[in-house]
file coords18.txt (compact mmCIF, C-alpha atoms and all ligand atoms)
# COMPACT_ATOMS: atom_id res chain seq x y z
CA MET Y 255 -29.63 -6.32 -20.04
CA THR Y 256 -26.85 -4.82 -17.94
CA THR Y 257 -24.66 -7.28 -16.06
CA ASP Y 258 -22.87 -6.64 -12.79
CA THR Y 259 -19.52 -6.48 -14.50
CA GLU Y 260 -20.68 -3.97 -17.11
CA THR Y 261 -21.95 -1.63 -14.38
CA ALA Y 262 -18.73 -2.04 -12.44
CA GLY Y 263 -16.72 -1.17 -15.57
CA ASP Y 264 -18.08 2.38 -15.29
CA TYR Y 265 -15.33 3.44 -12.91
CA ALA Y 266 -16.06 7.16 -13.18
CA GLY Y 267 -19.68 6.51 -12.21
CA GLN Y 268 -18.45 4.76 -9.06
CA TYR Y 269 -16.56 7.84 -7.86
CA VAL Y 270 -19.64 9.86 -7.01
CA ARG Y 271 -19.18 13.20 -5.29
CA PRO Y 272 -19.99 11.98 -1.73
CA LEU Y 273 -17.30 9.28 -2.04
CA VAL Y 274 -14.77 11.71 -3.50
CA ASP Y 275 -15.56 14.09 -0.62
CA ARG Y 276 -14.75 11.31 1.86
CA TRP Y 277 -11.71 9.84 0.07
CA ASP Y 278 -9.10 11.76 2.04
CA TYR Y 279 -10.62 10.50 5.32
CA LEU Y 280 -10.19 7.01 3.96
CA ILE Y 281 -6.55 7.36 3.03
CA ASP Y 282 -5.29 9.80 5.71
CA TRP Y 283 -2.35 11.46 3.90
CA ASP Y 284 -0.07 11.64 6.97
CA ARG Y 285 -0.46 8.01 8.00
CA ARG Y 286 -0.18 6.87 4.39
CA ARG Y 287 3.11 8.74 4.11
CA GLN Y 288 4.36 7.03 7.27
CA GLY Y 289 3.42 3.63 5.81
CA GLU Y 290 5.20 4.30 2.52
CA GLN Y 291 8.41 5.59 4.09
CA GLY Y 292 9.42 7.28 0.83
CA PHE Y 293 9.19 4.00 -1.11
CA PHE Y 294 7.97 5.51 -4.39
CA THR Y 295 10.23 8.55 -4.20
CA GLU Y 296 13.25 6.28 -3.75
CA LEU Y 297 12.27 3.99 -6.60
CA LEU Y 298 11.74 6.93 -8.95
CA ALA Y 299 14.88 8.73 -7.89
CA GLY Y 300 16.85 5.47 -8.29
CA ALA Y 301 15.57 5.25 -11.86
CA GLU Y 302 16.61 8.88 -12.44
CA ALA Y 303 13.03 9.68 -13.31
CA HIS Y 304 12.17 13.34 -13.51
CA ARG Y 305 9.02 13.64 -15.62
CA VAL Y 306 6.36 11.54 -13.88
CA LEU Y 307 2.77 10.85 -14.96
CA ASP Y 308 0.36 9.85 -12.18
CA VAL Y 309 -2.40 8.22 -14.23
CA ALA Y 310 -4.75 7.48 -11.30
CA ALA Y 311 -4.34 10.71 -9.40
CA GLY Y 312 -7.53 10.36 -7.38
CA THR Y 313 -7.53 13.20 -4.85
CA GLY Y 314 -3.88 13.87 -5.64
CA TYR Y 315 -1.96 12.29 -2.77
CA HIS Y 316 0.89 10.91 -4.91
CA SER Y 317 0.95 13.81 -7.37
CA VAL Y 318 1.26 16.29 -4.51
CA THR Y 319 3.82 14.18 -2.62
CA LEU Y 320 6.00 13.70 -5.71
CA ALA Y 321 5.74 17.36 -6.73
CA GLN Y 322 6.84 18.31 -3.20
CA GLN Y 323 9.89 16.07 -3.69
CA GLY Y 324 10.83 17.97 -6.85
CA PHE Y 325 9.48 15.63 -9.55
CA ASP Y 326 7.96 17.22 -12.65
CA VAL Y 327 4.47 15.77 -12.18
CA THR Y 328 1.46 15.54 -14.46
CA ALA Y 329 -1.70 14.29 -12.76
CA ALA Y 330 -4.31 12.42 -14.79
CA ASP Y 331 -7.53 10.64 -13.88
CA GLY Y 332 -10.56 9.58 -15.85
CA SER Y 333 -12.99 10.89 -13.24
CA ALA Y 334 -13.82 14.60 -13.51
CA GLU Y 335 -14.68 14.67 -9.79
CA MET Y 336 -11.35 13.14 -8.80
CA ILE Y 337 -9.14 15.30 -11.00
CA ALA Y 338 -10.96 18.41 -9.73
CA ARG Y 339 -10.06 17.26 -6.19
CA THR Y 340 -6.41 16.81 -7.20
CA ARG Y 341 -6.41 20.40 -8.46
CA LEU Y 342 -7.89 21.62 -5.18
CA ASN Y 343 -5.41 19.67 -3.05
CA ALA Y 344 -2.48 20.91 -5.18
CA THR Y 345 -3.60 24.50 -4.61
CA ARG Y 346 -4.04 23.84 -0.88
CA HIS Y 347 -0.41 22.70 -0.80
CA GLY Y 348 0.75 25.76 -2.77
CA LEU Y 349 1.60 23.63 -5.81
CA SER Y 350 0.82 23.96 -9.45
CA PHE Y 351 1.25 21.12 -11.96
CA PRO Y 352 -0.66 20.05 -15.07
CA THR Y 353 -3.86 18.10 -14.42
CA VAL Y 354 -5.81 16.31 -17.11
CA GLN Y 355 -8.97 14.22 -17.27
CA ALA Y 356 -7.88 11.19 -19.24
CA ASP Y 357 -9.08 7.64 -19.60
CA TRP Y 358 -6.12 5.23 -19.76
CA ARG Y 359 -7.53 3.59 -22.88
CA ARG Y 360 -7.05 6.89 -24.75
CA LEU Y 361 -4.19 8.23 -22.66
CA ARG Y 362 -2.01 9.52 -25.46
CA GLU Y 363 -4.86 11.63 -26.88
CA SER Y 364 -4.69 13.64 -23.66
CA VAL Y 365 -1.04 13.78 -22.63
CA GLU Y 366 1.86 15.17 -24.59
CA GLY Y 367 5.29 13.68 -25.09
CA ARG Y 368 6.78 10.83 -23.14
CA TYR Y 369 7.48 10.33 -19.45
CA ASP Y 370 10.34 8.91 -17.41
CA ALA Y 371 7.85 7.12 -15.19
CA ILE Y 372 4.17 6.31 -14.92
CA VAL Y 373 2.57 5.51 -11.58
CA CYS Y 374 -0.84 3.82 -11.32
CA LEU Y 375 -1.40 3.41 -7.59
CA GLY Y 376 -3.97 2.75 -4.90
CA SER Y 377 -5.27 -0.46 -6.52
CA SER Y 378 -6.60 1.49 -9.49
CA PHE Y 379 -5.63 -0.88 -12.32
CA PRO Y 380 -8.24 -3.46 -11.15
CA HIS Y 381 -10.90 -1.05 -12.37
CA LEU Y 382 -10.28 -2.66 -15.77
CA PHE Y 383 -12.59 -5.65 -16.12
CA ALA Y 384 -11.83 -6.80 -19.65
CA GLU Y 385 -8.54 -8.50 -20.41
CA GLU Y 386 -8.38 -6.72 -23.76
CA ASP Y 387 -8.60 -3.40 -21.87
CA ARG Y 388 -5.82 -4.45 -19.49
CA ARG Y 389 -3.61 -5.29 -22.46
CA ALA Y 390 -4.55 -2.13 -24.38
CA VAL Y 391 -3.90 0.07 -21.34
CA LEU Y 392 -0.49 -1.46 -20.64
CA ALA Y 393 0.35 -0.83 -24.32
CA GLU Y 394 -0.71 2.82 -23.86
CA PHE Y 395 1.46 3.12 -20.74
CA HIS Y 396 4.40 1.52 -22.57
CA GLU Y 397 4.04 3.92 -25.49
CA ALA Y 398 3.85 6.95 -23.18
CA LEU Y 399 7.19 6.08 -21.53
CA ASN Y 400 10.67 7.09 -22.63
CA PRO Y 401 13.09 4.22 -23.33
CA GLY Y 402 14.33 3.10 -19.93
CA GLY Y 403 11.16 4.50 -18.37
CA MET Y 404 9.58 2.91 -15.30
CA LEU Y 405 6.01 1.76 -14.72
CA ILE Y 406 4.80 1.25 -11.15
CA VAL Y 407 1.38 -0.36 -10.77
CA ASP Y 408 -0.17 -1.92 -7.69
CA HIS Y 409 -3.22 -3.79 -6.47
CA ARG Y 410 -4.72 -5.21 -3.35
CA ASN Y 411 -3.78 -8.76 -2.52
CA PHE Y 412 -6.54 -10.43 -4.51
CA ASP Y 413 -4.76 -13.78 -4.31
CA SER Y 414 -5.75 -13.79 -0.64
CA ILE Y 415 -9.04 -11.97 -1.07
CA ARG Y 416 -10.26 -14.54 -3.61
CA ARG Y 417 -9.58 -17.20 -1.00
CA HIS Y 418 -11.74 -15.19 1.41
CA ARG Y 419 -8.71 -14.15 3.38
CA TYR Y 420 -9.10 -10.40 3.18
CA GLN Y 421 -6.91 -8.62 5.67
CA SER Y 422 -5.98 -5.03 6.08
CA SER Y 423 -3.40 -3.97 8.59
CA GLY Y 424 -4.55 -0.36 8.13
CA ASN Y 425 -0.90 0.64 7.81
CA TYR Y 426 -0.75 0.95 4.05
CA TYR Y 427 -2.59 3.02 1.43
CA TYR Y 428 -5.96 3.28 3.15
CA CYS Y 429 -4.91 4.39 6.57
CA GLY Y 430 -7.84 6.41 7.91
CA ASN Y 431 -8.54 5.26 11.45
CA GLU Y 432 -12.25 5.68 11.41
CA ALA Y 433 -13.30 4.52 7.95
CA SER Y 434 -13.48 0.78 7.47
CA VAL Y 435 -13.20 -1.35 4.35
CA SER Y 436 -14.67 -4.83 4.00
CA VAL Y 437 -15.28 -7.29 1.18
CA ALA Y 438 -19.01 -7.55 0.46
CA HIS Y 439 -18.58 -10.04 -2.38
CA VAL Y 440 -15.78 -11.79 -4.21
CA ASP Y 441 -15.52 -14.35 -6.97
CA ASP Y 442 -12.98 -14.76 -9.73
CA ARG Y 443 -14.51 -11.98 -11.86
CA LEU Y 444 -15.74 -9.38 -9.40
CA CYS Y 445 -14.79 -7.98 -6.03
CA ARG Y 446 -17.14 -5.55 -4.30
CA PHE Y 447 -15.68 -3.56 -1.44
CA ARG Y 448 -17.82 -1.86 1.14
CA TYR Y 449 -16.58 1.40 2.66
CA ASP Y 450 -18.10 2.56 5.94
CA PHE Y 451 -17.36 6.11 7.00
CA PRO Y 452 -17.63 7.57 10.49
CA ASP Y 453 -20.39 9.95 9.38
CA GLY Y 454 -22.57 6.96 8.49
CA GLY Y 455 -21.81 7.15 4.75
CA VAL Y 456 -21.63 3.77 3.03
CA HIS Y 457 -20.18 3.27 -0.45
CA HIS Y 458 -19.29 0.32 -2.64
CA LEU Y 459 -16.54 -0.04 -5.22
CA GLU Y 460 -16.46 -2.89 -7.70
CA VAL Y 461 -13.23 -4.05 -9.29
CA TYR Y 462 -11.71 -6.99 -11.09
CA PRO Y 463 -9.74 -9.12 -8.59
CA ILE Y 464 -6.51 -9.43 -10.54
CA LEU Y 465 -3.99 -12.02 -9.40
CA THR Y 466 -0.33 -11.19 -8.84
CA ALA Y 467 0.97 -13.66 -11.43
CA GLU Y 468 -1.66 -12.52 -13.89
CA LEU Y 469 -0.44 -8.92 -13.83
CA SER Y 470 3.20 -10.02 -13.99
CA SER Y 471 2.42 -11.97 -17.19
CA LEU Y 472 0.55 -9.07 -18.74
CA LEU Y 473 3.43 -6.72 -17.97
CA ALA Y 474 5.94 -9.08 -19.58
CA GLU Y 475 3.69 -9.56 -22.61
CA ALA Y 476 3.32 -5.78 -22.96
CA GLY Y 477 7.12 -5.56 -23.29
CA PHE Y 478 8.11 -4.50 -19.77
CA GLU Y 479 11.40 -5.89 -18.51
CA SER Y 480 13.36 -6.09 -15.25
CA LEU Y 481 10.11 -6.88 -13.48
CA GLN Y 482 10.12 -6.60 -9.72
CA ARG Y 483 7.42 -7.20 -7.14
CA PHE Y 484 7.09 -5.82 -3.67
CA GLY Y 485 4.64 -6.75 -0.94
CA ASP Y 486 3.69 -3.84 1.32
CA PHE Y 487 6.87 -2.09 0.10
CA ARG Y 488 9.20 -5.00 0.90
CA GLU Y 489 11.05 -7.01 -1.74
CA GLU Y 490 11.03 -10.13 0.45
CA PHE Y 491 7.46 -11.06 1.24
CA ARG Y 492 5.03 -13.93 1.52
CA GLN Y 493 1.98 -13.50 -0.68
CA ASP Y 494 -0.37 -14.50 2.14
CA ASP Y 495 0.99 -11.86 4.50
CA VAL Y 496 0.57 -8.63 2.58
CA ASP Y 497 -2.21 -6.11 1.96
CA PHE Y 498 -0.88 -4.78 -1.37
CA VAL Y 499 1.39 -5.93 -4.18
CA ILE Y 500 3.45 -3.42 -6.16
CA HIS Y 501 4.81 -4.28 -9.61
CA VAL Y 502 7.68 -2.39 -11.21
CA GLY Y 503 8.72 -2.76 -14.85
CA ARG Y 504 11.03 -0.96 -17.25
CA LYS Y 505 10.56 -0.14 -20.89
CA PRO Y 506 13.70 -1.35 -22.66
N1 LIG Y 601 -4.42 6.77 -6.70
C1 LIG Y 601 -5.45 7.30 -5.82
C2 LIG Y 601 -5.19 6.84 -4.42
O1 LIG Y 601 -4.39 5.91 -4.23
O2 LIG Y 601 -5.75 7.43 -3.47
C3 LIG Y 601 -6.86 6.93 -6.27
C4 LIG Y 601 -7.14 5.45 -6.27
S1 LIG Y 601 -8.83 5.06 -6.67
C5 LIG Y 601 -8.96 3.44 -6.02
C6 LIG Y 601 -8.79 4.68 -8.42
C7 LIG Y 601 -8.69 5.87 -9.36
O3 LIG Y 601 -8.42 5.39 -10.69
C8 LIG Y 601 -9.96 6.71 -9.44
O4 LIG Y 601 -9.65 8.06 -9.23
C9 LIG Y 601 -10.50 6.43 -10.84
O5 LIG Y 601 -11.20 7.51 -11.41
C10 LIG Y 601 -9.23 6.11 -11.61
N2 LIG Y 601 -9.47 5.24 -12.78
C11 LIG Y 601 -9.99 4.00 -12.77
N3 LIG Y 601 -10.05 3.51 -14.02
C12 LIG Y 601 -9.57 4.48 -14.85
C13 LIG Y 601 -9.38 4.58 -16.27
N4 LIG Y 601 -9.74 3.58 -17.10
N5 LIG Y 601 -8.84 5.71 -16.76
C14 LIG Y 601 -8.50 6.73 -15.93
N6 LIG Y 601 -8.66 6.70 -14.58
C15 LIG Y 601 -9.19 5.58 -14.05

call {"tool": "encode", "arguments": {"input": "coords18.txt", "output": "structure tokens"}}
result
Amino acid sequence: MTTDTETAGDYAGQYVRPLVDRWDYLIDWDRRRQGEQGFFTELLAGAEAHRVLDVAAGTGYHSVTLAQQGFDVTAADGSAEMIARTRLNATRHGLSFPTVQADWRRLRESVEGRYDAIVCLGSSFPHLFAEEDRRAVLAEFHEALNPGGMLIVDHRNFDSIRRHRYQSSGNYYYCGNEASVSVAHVDDRLCRFRYDFPDGGVHHLEVYPILTAELSSLLAEAGFESLQRFGDFREEFRQDDVDFVIHVGRKP
């Protein structure tokens, strides 16, 4: 018998072509850039990172943005549909950087050498449902970093969502004006989001609703140090008030 969580664990199967086709309407690259205000670029530049691996490239928004800022970017994603879209968007922007289809659990089979920074953004990490996978993936990320390297990983504010207090200001990450995101179901093991698009398309994504403290602990246990947290790109924040939480850690 297949359980809900097992089906949801098939992240690549969730990113079907019609959803991938609509993804850029959901995020709206220009408005997302306004919301971020160069946050990731500044963090990476402050860490003197040059070689950056975007492990959840999706349609390529961060890979393209970072490549435009002069970072030496490699884009990876486990979904063939998504990484193909990254390639297309890179070409549209007149950019060329390595792209690779890679599942995080076997990351080092697919990428060469080590990186100054790894970014895993857009609430992608919650696609991991099993704690052993979360631990194994953080170990892969740690191994793929140079000493002193930086990991940036984020998630939606599941602390609030689990208390049925989902909010989205629409100013961060998923900024498309016309697409709407709602929570169709949440418990402590599964969160199902519903995406409604202006053309009538409806999609669902299922993820594990990771808590902020839970990810902080996993990062520390995986050997990351100098841990920092940001809420909607601000260091001072109240957990209840933010849409997204961003964790930053360094490999000693
Ligand atoms: N970072 C992009 C953004 O912010 O627009 C995409 C975010 S989307 C919510 C999550 C992405 O993570 C998808 O492209 C999915 O294929 C990828 N992903 C999820 N689990 C993965 C895994 N285990 N290995 C590789 N990629 C994975």

call {"tool": "residues_around", "arguments": {"input": "coords18.txt", "residues": "Y:Ile372", "least_positions_apart": "6", "cutoff": "10 Å", "atoms": "all atoms listed in the file", "output": "list in words"}}
result
Leu298, Ala303, Arg305, Val306, Leu307, Asp308, Val309, Ala310, Val327, Thr328, Phe395, His396, Ala398, Leu399, Gly403, Met404, Leu405, Ile406 and Val407 of chain Y

call {"tool": "closest_atom_pairs", "arguments": {"input": "coords18.txt", "of": "chain Y", "to": "ligand LIG 601 (chain Y)", "cutoff": "9 Å", "atoms": "only C-alpha atoms and all ligand atoms", "output": "Markdown table"}}
result
| residue | atom | partner | partner_atom | distance |
| --- | --- | --- | --- | --- |
| Y:Gly263 | CA | Y:LIG601 | N3 | 8.3 |
| Y:Asp264 | CA | Y:LIG601 | N3 | 8.2 |
| Y:Tyr265 | CA | Y:LIG601 | C11 | 5.4 |
| Y:Ala266 | CA | Y:LIG601 | O5 | 5.2 |
| Y:Gly267 | CA | Y:LIG601 | O5 | 8.6 |
| Y:Gln268 | CA | Y:LIG601 | O5 | 8.1 |
| Y:Tyr269 | CA | Y:LIG601 | O5 | 6.4 |
| Y:Val274 | CA | Y:LIG601 | O4 | 8.5 |
| Y:Trp277 | CA | Y:LIG601 | O2 | 7.3 |
| Y:Asp278 | CA | Y:LIG601 | O2 | 7.8 |
| Y:Leu280 | CA | Y:LIG601 | O2 | 8.7 |
| Y:Ile281 | CA | Y:LIG601 | O2 | 6.5 |
| Y:Asp308 | CA | Y:LIG601 | N1 | 7.9 |
| Y:Val309 | CA | Y:LIG601 | N6 | 6.5 |
| Y:Ala310 | CA | Y:LIG601 | O3 | 4.3 |
| Y:Ala311 | CA | Y:LIG601 | N1 | 4.8 |
| Y:Gly312 | CA | Y:LIG601 | O4 | 3.6 |
| Y:Thr313 | CA | Y:LIG601 | O2 | 6.2 |
| Y:Gly314 | CA | Y:LIG601 | C1 | 6.8 |
| Y:Tyr315 | CA | Y:LIG601 | O2 | 6.2 |
| Y:His316 | CA | Y:LIG601 | N1 | 7.0 |
| Y:Ser317 | CA | Y:LIG601 | N1 | 8.9 |
| Y:Ala330 | CA | Y:LIG601 | C14 | 7.2 |
| Y:Asp331 | CA | Y:LIG601 | N6 | 4.2 |
| Y:Gly332 | CA | Y:LIG601 | C14 | 3.5 |
| Y:Ser333 | CA | Y:LIG601 | O5 | 4.2 |
| Y:Ala334 | CA | Y:LIG601 | O5 | 7.8 |
| Y:Glu335 | CA | Y:LIG601 | O5 | 8.1 |
| Y:Met336 | CA | Y:LIG601 | O4 | 5.4 |
| Y:Ile337 | CA | Y:LIG601 | O4 | 7.5 |
| Y:Gln355 | CA | Y:LIG601 | C14 | 7.6 |
| Y:Ala356 | CA | Y:LIG601 | C14 | 5.6 |
| Y:Asp357 | CA | Y:LIG601 | N5 | 3.4 |
| Y:Trp358 | CA | Y:LIG601 | N5 | 4.1 |
| Y:Arg359 | CA | Y:LIG601 | N4 | 6.2 |
| Y:Arg360 | CA | Y:LIG601 | N5 | 8.3 |
| Y:Leu361 | CA | Y:LIG601 | N5 | 7.9 |
| Y:Val373 | CA | Y:LIG601 | N1 | 8.6 |
| Y:Cys374 | CA | Y:LIG601 | N1 | 6.5 |
| Y:Leu375 | CA | Y:LIG601 | N1 | 4.6 |
| Y:Gly376 | CA | Y:LIG601 | O1 | 3.3 |
| Y:Ser377 | CA | Y:LIG601 | C5 | 5.4 |
| Y:Ser378 | CA | Y:LIG601 | C6 | 4.0 |
| Y:Phe379 | CA | Y:LIG601 | N3 | 6.5 |
| Y:Pro380 | CA | Y:LIG601 | N3 | 7.8 |
| Y:His381 | CA | Y:LIG601 | N3 | 4.9 |
| Y:Leu382 | CA | Y:LIG601 | N4 | 6.4 |
| Y:Asp387 | CA | Y:LIG601 | N4 | 8.5 |
| Y:Val391 | CA | Y:LIG601 | N4 | 8.0 |
| Y:Tyr427 | CA | Y:LIG601 | O1 | 6.6 |
| Y:Tyr428 | CA | Y:LIG601 | O2 | 7.8 |
| Y:Leu459 | CA | Y:LIG601 | C5 | 8.4 |

call {"tool": "closest_residue", "arguments": {"input": "coords18.txt", "among": "Y:Arg271, Y:His457, Y:Ser350, Y:Tyr449", "to": "Y:Gly430", "atoms": "all atoms listed in the file"}}
result
Y:Tyr449

call {"tool": "closest_residue", "arguments": {"input": "coords18.txt", "among": "Y:Arg488, Y:Arg416, Y:Arg504, Y:His347", "to": "Y:Gly402", "atoms": "only C-alpha atoms"}}
result
Y:Arg504

call {"tool": "closest_residue", "arguments": {"input": "coords18.txt", "among": "Y:Asn431, Y:Ser436, Y:Thr319, Y:Asn411", "to": "Y:Gly485", "atoms": "all atoms listed in the file"}}
result
Y:Asn411

call {"tool": "atom_distance", "arguments": {"input": "coords18.txt", "atom1": "atom CA of Y:Gly292", "atom2": "atom CA of Y:Asp486"}}
result
12.5 Å

call {"tool": "residues_around", "arguments": {"input": "coords18.txt", "residues": "Y:Leu349", "least_positions_apart": "5", "cutoff": "12 Å", "atoms": "all atoms listed in the file", "output": "list in words"}}
result
Gly314, Ser317, Val318, Thr319, Leu320, Ala321, Gln322, Gln323, Gly324, Phe325, Asp326, Val327, Thr328, Thr340, Arg341, Leu342, Asn343 and Ala344 of chain Y

call {"tool": "atom_distance", "arguments": {"input": "coords18.txt", "atom1": "atom CA of Y:Gly289", "atom2": "atom CA of Y:Asp442"}}
result
29.1 Å

call {"tool": "atom_distance", "arguments": {"input": "coords18.txt", "atom1": "atom CA of Y:Gln288", "atom2": "atom CA of Y:Tyr369"}}
result
27.1 Å

call {"tool": "closest_residue", "arguments": {"input": "coords18.txt", "among": "Y:Asp284, Y:Asp370, Y:Glu302, Y:Glu394", "to": "Y:Leu473", "atoms": "all atoms listed in the file"}}
result
Y:Glu394

call {"tool": "closest_residue", "arguments": {"input": "coords18.txt", "among": "Y:Val456, Y:Leu472, Y:Ala433, Y:Ile464", "to": "Y:Tyr279", "atoms": "all atoms listed in the file"}}
result
Y:Ala433

call {"tool": "closest_residue", "arguments": {"input": "coords18.txt", "among": "Y:Val461, Y:Phe487, Y:Gln493, Y:Ile500", "to": "Y:Gln291", "atoms": "all atoms listed in the file"}}
result
Y:Phe487

call {"tool": "axis_aligned_box", "arguments": {"input": "coords18.txt", "around": "stretch 427-446 of chain Y", "padding_each_side": "8 Å", "output": "AutoDock Vina command-line options"}}
result
--center_x -10.8 --center_y -4.2 --center_z -0.2 --size_x 32.4 --size_y 37.2 --size_z 39.3

call {"tool": "decode", "arguments": {"input": "coords18.txt", "residues": "stretch 330-349 of chain Y", "atoms": "N, CA, C and O atoms", "output": "JSON list (two decimals), in the first residue's frame"}}
result
[["chain", "number", "residue", "atom", "x", "y", "z"],
["Y", 330, "ALA", "N", 21.96, 22.75, -10.04],
["Y", 330, "ALA", "CA", 21.58, 21.34, -9.95],
["Y", 330, "ALA", "C", 20.12, 21.26, -9.53],
["Y", 330, "ALA", "O", 19.62, 22.13, -8.82],
["Y", 331, "ASP", "N", 19.46, 20.20, -9.95],
["Y", 331, "ASP", "CA", 18.10, 19.92, -9.48],
["Y", 331, "ASP", "C", 17.82, 18.46, -9.81],
["Y", 331, "ASP", "O", 18.32, 17.94, -10.81],
["Y", 332, "GLY", "N", 17.03, 17.82, -8.97],
["Y", 332, "GLY", "CA", 16.73, 16.42, -9.20],
["Y", 332, "GLY", "C", 15.66, 16.21, -10.26],
["Y", 332, "GLY", "O", 15.48, 15.08, -10.74],
["Y", 333, "SER", "N", 14.93, 17.25, -10.61],
["Y", 333, "SER", "CA", 13.86, 17.12, -11.59],
["Y", 333, "SER", "C", 14.40, 17.47, -12.98],
["Y", 333, "SER", "O", 14.92, 18.57, -13.21],
["Y", 334, "ALA", "N", 14.24, 16.53, -13.92],
["Y", 334, "ALA", "CA", 14.70, 16.75, -15.29],
["Y", 334, "ALA", "C", 13.97, 17.94, -15.91],
["Y", 334, "ALA", "O", 14.56, 18.76, -16.62],
["Y", 335, "GLU", "N", 12.66, 18.05, -15.60],
["Y", 335, "GLU", "CA", 11.87, 19.16, -16.17],
["Y", 335, "GLU", "C", 12.40, 20.50, -15.66],
["Y", 335, "GLU", "O", 12.50, 21.47, -16.41],
["Y", 336, "MET", "N", 12.69, 20.56, -14.36],
["Y", 336, "MET", "CA", 13.15, 21.83, -13.79],
["Y", 336, "MET", "C", 14.53, 22.21, -14.32],
["Y", 336, "MET", "O", 14.75, 23.36, -14.71],
["Y", 337, "ILE", "N", 15.45, 21.27, -14.36],
["Y", 337, "ILE", "CA", 16.81, 21.64, -14.77],
["Y", 337, "ILE", "C", 16.82, 22.03, -16.26],
["Y", 337, "ILE", "O", 17.58, 22.91, -16.68],
["Y", 338, "ALA", "N", 15.92, 21.43, -17.04],
["Y", 338, "ALA", "CA", 15.80, 21.83, -18.45],
["Y", 338, "ALA", "C", 15.34, 23.29, -18.52],
["Y", 338, "ALA", "O", 15.78, 24.08, -19.36],
["Y", 339, "ARG", "N", 14.44, 23.69, -17.60],
["Y", 339, "ARG", "CA", 13.93, 25.06, -17.58],
["Y", 339, "ARG", "C", 15.02, 26.04, -17.14],
["Y", 339, "ARG", "O", 15.10, 27.16, -17.62],
["Y", 340, "THR", "N", 15.87, 25.60, -16.21],
["Y", 340, "THR", "CA", 17.02, 26.44, -15.82],
["Y", 340, "THR", "C", 17.89, 26.73, -17.05],
["Y", 340, "THR", "O", 18.29, 27.86, -17.30],
["Y", 341, "ARG", "N", 18.16, 25.66, -17.80],
["Y", 341, "ARG", "CA", 19.01, 25.80, -19.00],
["Y", 341, "ARG", "C", 18.40, 26.80, -19.97],
["Y", 341, "ARG", "O", 19.07, 27.68, -20.49],
["Y", 342, "LEU", "N", 17.09, 26.69, -20.17],
["Y", 342, "LEU", "CA", 16.39, 27.58, -21.09],
["Y", 342, "LEU", "C", 16.47, 29.03, -20.59],
["Y", 342, "LEU", "O", 16.76, 29.96, -21.35],
["Y", 343, "ASN", "N", 16.21, 29.23, -19.30],
["Y", 343, "ASN", "CA", 16.23, 30.59, -18.76],
["Y", 343, "ASN", "C", 17.64, 31.17, -18.77],
["Y", 343, "ASN", "O", 17.82, 32.38, -18.96],
["Y", 344, "ALA", "N", 18.66, 30.32, -18.57],
["Y", 344, "ALA", "CA", 20.05, 30.81, -18.65],
["Y", 344, "ALA", "C", 20.31, 31.32, -20.07],
["Y", 344, "ALA", "O", 20.83, 32.43, -20.27],
["Y", 345, "THR", "N", 19.92, 30.53, -21.06],
["Y", 345, "THR", "CA", 20.14, 30.92, -22.45],
["Y", 345, "THR", "C", 19.39, 32.22, -22.77],
["Y", 345, "THR", "O", 19.94, 33.13, -23.39],
["Y", 346, "ARG", "N", 18.15, 32.31, -22.28],
["Y", 346, "ARG", "CA", 17.35, 33.53, -22.51],
["Y", 346, "ARG", "C", 18.05, 34.76, -21.96],
["Y", 346, "ARG", "O", 17.85, 35.86, -22.44],
["Y", 347, "HIS", "N", 18.82, 34.57, -20.88],
["Y", 347, "HIS", "CA", 19.54, 35.70, -20.27],
["Y", 347, "HIS", "C", 20.96, 35.81, -20.81],
["Y", 347, "HIS", "O", 21.77, 36.55, -20.25],
["Y", 348, "GLY", "N", 21.28, 35.06, -21.85],
["Y", 348, "GLY", "CA", 22.61, 35.15, -22.46],
["Y", 348, "GLY", "C", 23.70, 34.59, -21.57],
["Y", 348, "GLY", "O", 24.86, 35.01, -21.65],
["Y", 349, "LEU", "N", 23.33, 33.63, -20.71],
["Y", 349, "LEU", "CA", 24.31, 33.07, -19.77],
["Y", 349, "LEU", "C", 24.56, 31.61, -20.07],
["Y", 349, "LEU", "O", 23.70, 30.91, -20.61]]
